[in-house]
Each structure stands twice: as structure tokens, then as C-alpha cells.
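As provided, my_file.csv (CSV, C-alpha atoms and all ligand atoms) reads as follows.
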chain,number,residue,atom,x,y,z
A,1,MET,CA,5.0,3.7,-6.5
A,2,VAL,CA,8.8,3.7,-6.7
A,3,LEU,CA,10.4,2.2,-3.6
A,4,ARG,CA,14.0,2.8,-2.5
A,5,PRO,CA,14.7,0.2,0.1
A,6,PRO,CA,17.5,0.8,2.7
A,7,SER,CA,19.5,-2.0,1.0
A,8,GLY,CA,19.8,0.2,-2.1
A,9,GLY,CA,18.4,0.4,-5.6
A,10,GLU,CA,14.8,1.2,-6.5
A,11,PHE,CA,11.9,-0.6,-8.1
A,12,ARG,CA,8.3,-0.1,-9.0
A,13,PHE,CA,5.6,-1.6,-6.8
A,14,ASP,CA,1.9,-1.3,-7.2
A,15,PRO,CA,0.2,-2.7,-4.1
A,16,GLY,CA,-3.2,-2.5,-5.9
A,17,ALA,CA,-5.2,-0.6,-3.3
A,18,LEU,CA,-4.9,2.7,-1.4
A,19,TRP,CA,-4.8,1.1,2.1
A,20,LEU,CA,-2.0,-1.1,1.0
A,21,ASP,CA,-0.2,2.0,-0.4
A,22,LEU,CA,-0.2,3.2,3.2
A,23,LEU,CA,1.5,0.0,4.5
A,24,VAL,CA,4.5,0.8,2.3
A,25,SER,CA,5.2,3.9,4.5
A,26,GLY,CA,6.5,1.8,7.4
A,27,GLY,CA,5.1,-0.5,10.1
A,28,PRO,CA,5.3,-1.9,13.6
A,29,GLY,CA,8.0,-4.1,15.1
A,30,GLU,CA,10.6,-5.3,12.6
A,31,LEU,CA,9.2,-2.8,10.0
A,32,ALA,CA,10.2,0.2,12.2
A,33,GLY,CA,13.5,0.4,10.2
A,34,PHE,CA,11.4,1.2,7.1
A,35,GLU,CA,9.5,4.1,8.8
A,36,THR,CA,9.1,7.1,6.5
A,37,LEU,CA,6.4,9.0,8.4
A,38,HIS,CA,8.4,11.1,10.8
A,39,THR,CA,6.8,14.5,10.3
A,40,PRO,CA,3.4,15.7,9.1
A,41,ALA,CA,5.1,16.7,5.8
A,42,ASP,CA,6.1,13.1,5.3
A,43,LEU,CA,2.5,12.0,5.3
A,44,ALA,CA,1.7,14.8,2.8
A,45,ALA,CA,4.5,13.6,0.6
A,46,TRP,CA,3.2,10.0,0.8
A,47,THR,CA,-0.1,11.2,-0.8
A,48,LYS,CA,1.9,12.0,-4.0
A,49,LEU,CA,3.4,8.6,-4.2
A,50,SER,CA,0.1,6.9,-3.4
A,51,ARG,CA,-2.6,6.3,-6.0
A,52,LEU,CA,-4.3,9.6,-4.7
A,53,ARG,CA,-1.5,11.5,-6.4
A,54,LEU,CA,-2.1,14.7,-4.5
A,55,ASP,CA,0.0,17.9,-4.4
A,56,PRO,CA,1.7,17.6,-1.0
A,57,ALA,CA,1.6,21.4,-0.7
A,58,ARG,CA,-2.2,21.2,-0.6
A,59,VAL,CA,-2.4,18.4,2.0
A,60,HIS,CA,-2.7,19.8,5.5
A,61,VAL,CA,-1.6,17.4,8.2
A,62,THR,CA,-1.4,18.1,12.0
A,63,ALA,CA,1.0,16.3,14.4
A,64,ALA,CA,-2.1,14.6,15.9
A,65,GLU,CA,-3.2,13.4,12.5
A,66,LEU,CA,0.3,12.1,11.7
A,67,ALA,CA,0.2,10.1,15.0
A,68,ALA,CA,-3.3,8.8,14.1
A,69,ALA,CA,-2.1,7.8,10.6
A,70,VAL,CA,0.8,5.8,12.0
A,71,ARG,CA,-1.5,4.1,14.6
A,72,LEU,CA,-4.0,3.2,11.9
A,73,ARG,CA,-1.4,1.9,9.5
A,74,ASP,CA,0.2,-0.3,12.2
A,75,ARG,CA,-3.3,-1.8,13.0
A,76,LEU,CA,-3.8,-2.3,9.2
A,77,TRP,CA,-0.6,-4.4,9.1
A,78,GLU,CA,-2.2,-6.6,11.8
A,79,LEU,CA,-5.3,-6.8,9.7
A,80,ALA,CA,-3.3,-7.7,6.5
A,81,TRP,CA,-1.3,-10.4,8.3
A,82,ALA,CA,-4.5,-11.8,9.8
A,83,LEU,CA,-6.1,-12.0,6.4
A,84,ILE,CA,-3.1,-13.5,4.7
A,85,ARG,CA,-2.7,-16.2,7.3
A,86,GLY,CA,-6.5,-16.9,7.3
A,87,GLY,CA,-6.7,-15.9,11.0
A,88,PRO,CA,-9.6,-14.3,12.7
A,89,VAL,CA,-10.2,-10.5,12.5
A,90,GLY,CA,-11.6,-9.3,15.7
A,91,PRO,CA,-14.4,-6.8,16.1
A,92,GLU,CA,-11.9,-4.5,17.8
A,93,LEU,CA,-9.8,-4.2,14.6
A,94,ALA,CA,-13.0,-3.6,12.6
A,95,ALA,CA,-13.9,-0.8,15.1
A,96,VAL,CA,-10.5,0.9,14.4
A,97,VAL,CA,-11.4,0.9,10.7
A,98,ASP,CA,-14.9,2.2,11.4
A,99,GLU,CA,-13.7,5.0,13.5
A,100,ALA,CA,-11.3,6.3,10.8
A,101,ALA,CA,-14.0,5.8,8.1
A,102,ALA,CA,-16.6,7.8,10.0
A,103,GLY,CA,-15.4,11.3,8.8
A,104,PRO,CA,-15.8,12.7,5.3
A,105,PRO,CA,-13.1,11.6,2.8
A,106,PRO,CA,-11.7,13.9,0.1
A,107,ALA,CA,-14.4,15.0,-2.4
A,108,PRO,CA,-13.8,13.7,-5.9
A,109,ARG,CA,-13.9,16.0,-8.9
A,110,LEU,CA,-14.6,15.4,-12.5
A,111,ARG,CA,-11.8,16.8,-14.7
A,112,VAL,CA,-12.5,17.0,-18.4
A,113,THR,CA,-9.4,16.2,-20.5
A,114,GLY,CA,-8.7,16.2,-24.2
A,115,HIS,CA,-9.5,12.5,-24.4
A,116,GLY,CA,-12.2,12.0,-21.8
A,117,PHE,CA,-12.3,12.4,-18.1
A,118,ARG,CA,-10.1,12.1,-15.1
A,119,ARG,CA,-10.9,11.9,-11.4
A,120,GLU,CA,-9.2,14.5,-9.2
A,121,TRP,CA,-9.7,15.5,-5.6
A,122,THR,CA,-10.9,18.7,-4.2
A,123,LEU,CA,-8.0,20.4,-2.4
A,124,PRO,CA,-6.9,21.1,0.2
A,125,VAL,CA,-7.2,17.7,1.8
A,126,THR,CA,-6.7,17.2,5.6
A,127,GLY,CA,-5.0,14.3,7.4
A,128,THR,CA,-8.4,13.2,8.8
A,129,GLN,CA,-9.9,13.1,5.3
A,130,LEU,CA,-6.9,11.0,4.2
A,131,LEU,CA,-7.4,8.5,7.0
A,132,SER,CA,-11.1,8.3,6.1
A,133,ALA,CA,-10.2,7.5,2.5
A,134,VAL,CA,-7.8,4.8,3.6
A,135,ALA,CA,-10.3,3.2,6.0
A,136,ARG,CA,-13.2,3.3,3.4
A,137,ASP,CA,-10.8,1.6,1.0
A,138,VAL,CA,-10.3,-1.2,3.5
A,139,ILE,CA,-14.1,-1.7,3.7
A,140,ASP,CA,-14.4,-1.5,-0.1
A,141,VAL,CA,-11.7,-4.1,-0.7
A,142,LEU,CA,-12.8,-6.5,2.0
A,143,THR,CA,-16.4,-6.5,0.8
A,144,GLY,CA,-15.4,-6.4,-2.9
A,145,PRO,CA,-14.6,-9.0,-5.6
A,146,TYR,CA,-10.9,-9.2,-4.6
A,147,ALA,CA,-11.5,-9.7,-0.9
A,148,ASP,CA,-9.7,-13.1,-0.9
A,149,ARG,CA,-6.8,-11.8,-3.1
A,150,LEU,CA,-4.6,-10.2,-0.5
A,151,ARG,CA,-1.1,-11.8,-0.8
A,152,GLU,CA,2.4,-11.5,0.6
A,153,CYS,CA,5.2,-11.4,-1.9
A,154,GLY,CA,6.8,-14.7,-2.5
A,155,GLY,CA,10.3,-13.2,-2.4
A,156,VAL,CA,12.7,-14.3,0.4
A,157,ARG,CA,12.6,-11.7,3.3
A,158,CYS,CA,10.4,-9.3,1.2
A,159,GLY,CA,7.2,-9.1,3.1
A,160,LEU,CA,5.5,-6.6,0.8
A,161,VAL,CA,1.7,-7.1,0.7
A,162,PHE,CA,-0.5,-6.5,-2.4
A,163,LEU,CA,-3.9,-7.1,-3.8
A,164,ASP,CA,-3.8,-9.5,-6.7
A,165,THR,CA,-6.1,-8.0,-9.2
A,166,SER,CA,-4.7,-10.0,-12.1
A,167,ARG,CA,-7.4,-11.8,-14.1
A,168,PRO,CA,-6.1,-15.3,-13.3
A,169,GLY,CA,-5.2,-14.4,-9.7
A,170,SER,CA,-1.6,-15.6,-10.2
A,171,ARG,CA,0.5,-12.6,-9.1
A,172,ARG,CA,3.3,-13.8,-6.8
A,173,TRP,CA,5.7,-11.0,-6.6
A,174,CYS,CA,5.7,-7.4,-5.4
A,175,SER,CA,7.5,-6.6,-8.6
A,176,MET,CA,8.9,-8.7,-11.4
A,177,GLU,CA,12.0,-6.5,-11.7
A,178,ARG,CA,12.9,-7.2,-8.0
A,179,CYS,CA,11.6,-10.4,-6.3
A,180,GLY,CA,10.5,-12.0,-9.5
A,181,ASN,CA,13.9,-11.9,-11.1
A,182,ARG,CA,15.7,-12.7,-7.9
A,183,SER,CA,13.7,-15.8,-7.6
A,184,LYS,CA,14.4,-16.8,-11.2
A,185,VAL,CA,18.1,-16.3,-10.6
A,186,ARG,CA,18.0,-18.3,-7.4
A,187,ALA,CA,16.2,-21.2,-9.1
A,188,LEU,CA,18.7,-21.2,-11.9
A,189,ARG,CA,21.6,-21.3,-9.5
A,190,GLU,CA,20.1,-24.1,-7.6
A,191,ARG,CA,19.5,-26.1,-10.8
A,192,ARG,CA,23.2,-25.6,-11.8
A,193,ALA,CA,24.6,-26.6,-8.5
A,194,PRO,CA,22.3,-29.2,-7.1
A,195,ASP,CA,24.8,-30.4,-4.5
A,196,ALA,CA,25.7,-27.0,-3.1
A,197,GLY,CA,24.6,-25.9,0.3
B,1,ZN,ZN,8.9,-8.8,-3.1
This structure in C-alpha cells:
Amino acid sequence: MVLRPPSGGEFRFDPGALWLDLLVSGGPGELAGFETLHTPADLAAWTKLSRLRLDPARVHVTAAELAAAVRLRDRLWELAWALIRGGPVGPELAAVVDEAAAGPPPAPRLRVTGHGFRREWTLPVTGTQLLSAVARDVIDVLTGPYADRLRECGGVRCGLVFLDTSRPGSRRWCSMERCGNRSKVRALRERRAPDAG
């Protein structure tokens, strides 16, 4: 996804999993300033940015579904922080995921292309189906091969969370072009001026 932070500029960021795509839309507490889900249409627009790549015009979201999405997302931030810090994940948090996962997710479709196949989704998609897809993705990730690969970007005051699916498991940055380069520049500056600050 392409992110445009309030501080300006833009950069590419692949969180590595659908449920982490949703975290990018905003969050609780300090993250409220990054909120992008103000109206049902905003959630529909998010589906185009996310790895689902849906046509927002064919995504039907009610006001109640938008509120449920924001609630789920904010609890998923709690889950992500707990996992990153190695803290406990209570059964109550798992129940929040289970509840969203209970309904049917969007149905996949096999699209034949010139070179092979592509997965698409049966449209229209409802907000409730979206939340089910996100919650099922949480379950898939936490019970899958990358369950212990959830990381927070090493950038100063970044806070973006991603699933490190690199083969060696050595991904440190949300994006090389943003935090990776900033960190390199900072290290260089510190090396040149060891007595400063
Ligand atoms: Zn970062």
C-alpha cells in the first residue's frame, strides 16, 4: 500500500497480511490522529488499498459495520502489541476475533488470465464479510508458519507493524525508502560527529 503520513511525503509499505493492512487505517489512543475510517465509504476505499484490491463501488458498508470495523481494528492493535511484547493474549481478545470470523467471508473466484490464473472475489462484498476475512486472517497467521514473525518497525517514532515473511526473518523496517534510509542517514551522522549531542 502507498501511505501518505500527515508529516508529508509518501512511501510504499507492505504489512504482509490482511489484518495488518487494516491496522494501517488508524488506531486507538495516540494513533487517533492517523484515523482514516470516518465514513462507510472510507472502509470501502480501504479495500482497494489492501491486498484484497476490491472495487470500492462494489463494497457495501453500513454505519454499524463501519463502527464494528473500527472496534475490531482497535482490539487488533492490542493483540499486535501483546504479541510483539511477548505479553499474554487473553481469551477475551480471542473471542473478539472469533465473533468476527463466525460469518462468511467474501467468496474467492478463479479468474483465467492469459498467463495462468488469478484469485478474485465475488462482488458485492459487505462490511460484515470484510471483518470475517480480516478475523480469519488473524487466525491463519497466528496458527501459521510466521506466527512468531510479527514485528514493529525499528524506525524512531514509526510504530508500523508488519509480518516478516522474508526467508531469513531479518526484515527490520516498514519500508527501506522511509525508515531504512532514515536510519542509515542517522547512523552516518552519528559516526561523523561522535561528540555531538
Ligand atoms: Zn517505519
Once you count all atoms listed in the file, what closest atom pair and distance in Å to one decimal does each residue of chain A within 8 Å of ligand ZN 1 (chain B) have, with rows by chain and rising residue number, as JSON lines?
{"residue": "A:Glu152", "atom": "CA", "partner": "B:ZN1", "partner_atom": "ZN", "distance": 8.0}
{"residue": "A:Cys153", "atom": "CA", "partner": "B:ZN1", "partner_atom": "ZN", "distance": 4.7}
{"residue": "A:Gly154", "atom": "CA", "partner": "B:ZN1", "partner_atom": "ZN", "distance": 6.3}
{"residue": "A:Gly155", "atom": "CA", "partner": "B:ZN1", "partner_atom": "ZN", "distance": 4.7}
{"residue": "A:Val156", "atom": "CA", "partner": "B:ZN1", "partner_atom": "ZN", "distance": 7.5}
{"residue": "A:Arg157", "atom": "CA", "partner": "B:ZN1", "partner_atom": "ZN", "distance": 7.9}
{"residue": "A:Cys158", "atom": "CA", "partner": "B:ZN1", "partner_atom": "ZN", "distance": 4.6}
{"residue": "A:Gly159", "atom": "CA", "partner": "B:ZN1", "partner_atom": "ZN", "distance": 6.4}
{"residue": "A:Leu160", "atom": "CA", "partner": "B:ZN1", "partner_atom": "ZN", "distance": 5.6}
{"residue": "A:Trp173", "atom": "CA", "partner": "B:ZN1", "partner_atom": "ZN", "distance": 5.2}
{"residue": "A:Cys174", "atom": "CA", "partner": "B:ZN1", "partner_atom": "ZN", "distance": 4.2}
{"residue": "A:Ser175", "atom": "CA", "partner": "B:ZN1", "partner_atom": "ZN", "distance": 6.1}
{"residue": "A:Arg178", "atom": "CA", "partner": "B:ZN1", "partner_atom": "ZN", "distance": 6.5}
{"residue": "A:Cys179", "atom": "CA", "partner": "B:ZN1", "partner_atom": "ZN", "distance": 4.5}
{"residue": "A:Gly180", "atom": "CA", "partner": "B:ZN1", "partner_atom": "ZN", "distance": 7.3}
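Remark: for Val2 (chain A), the closest of the candidate residues A:Leu23, A:Ala17, A:Leu49, A:Ala44 is A:Leu49 (distances computed over only C-alpha atoms).
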> A:Asp21, A:Pro106, A:Leu188, A:Tyr146: which is nearest Pro168 (chain A), counting only C-alpha atoms?
Replying inline: A:Tyr146
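Taking CA of Phe11 (chain A) as the reference point, CA of Val24 (chain A) is found at 12.8 Å.
With only C-alpha atoms as the basis for measurement, A:Arg75 is the residue among A:His115, A:Arg75, A:Arg12, A:Arg151 that approaches Val97 (chain A) most closely.
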>> Please list as JSON, numbers by chain every residue within 8 Å of Val59 (chain A), counting only C-alpha atoms and excluding residues in the same chain fewer than 2 positions away.
In response: {"A": [44, 54, 55, 56, 57, 61, 123, 124, 125, 126, 127]}
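Across the model, the gap from CA of Ala100 (chain A) to CA of Thr128 (chain A) is 7.7 Å.
The space separating CA of Arg4 (chain A) from CA of Trp46 (chain A) comes to 13.4 Å.
Across A:Glu190, A:Glu120, A:Glu10, A:Glu78, the tightest approach to Pro108 (chain A) is made by A:Glu120 when counting all atoms listed in the file.
The residue that comes closest to Ala80 (chain A), out of A:Ala64, A:Leu20, A:Leu3, A:Val185 and on the basis of all atoms listed in the file, is A:Leu20.
Closest approach to Trp121 (chain A) among A:Arg51, A:Arg167, A:Arg136, A:Arg149 is made by A:Arg51 (distances from all atoms listed in the file).
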> So which residues touch Val70 (chain A) within 10 Å, counting all atoms listed in the file, skipping near sequence neighbours fewer than 3 positions away, as JSON, numbers by chain?
Replying inline: {"A": [22, 23, 25, 26, 27, 28, 35, 37, 38, 43, 65, 66, 67, 73, 74, 75, 76, 131]}
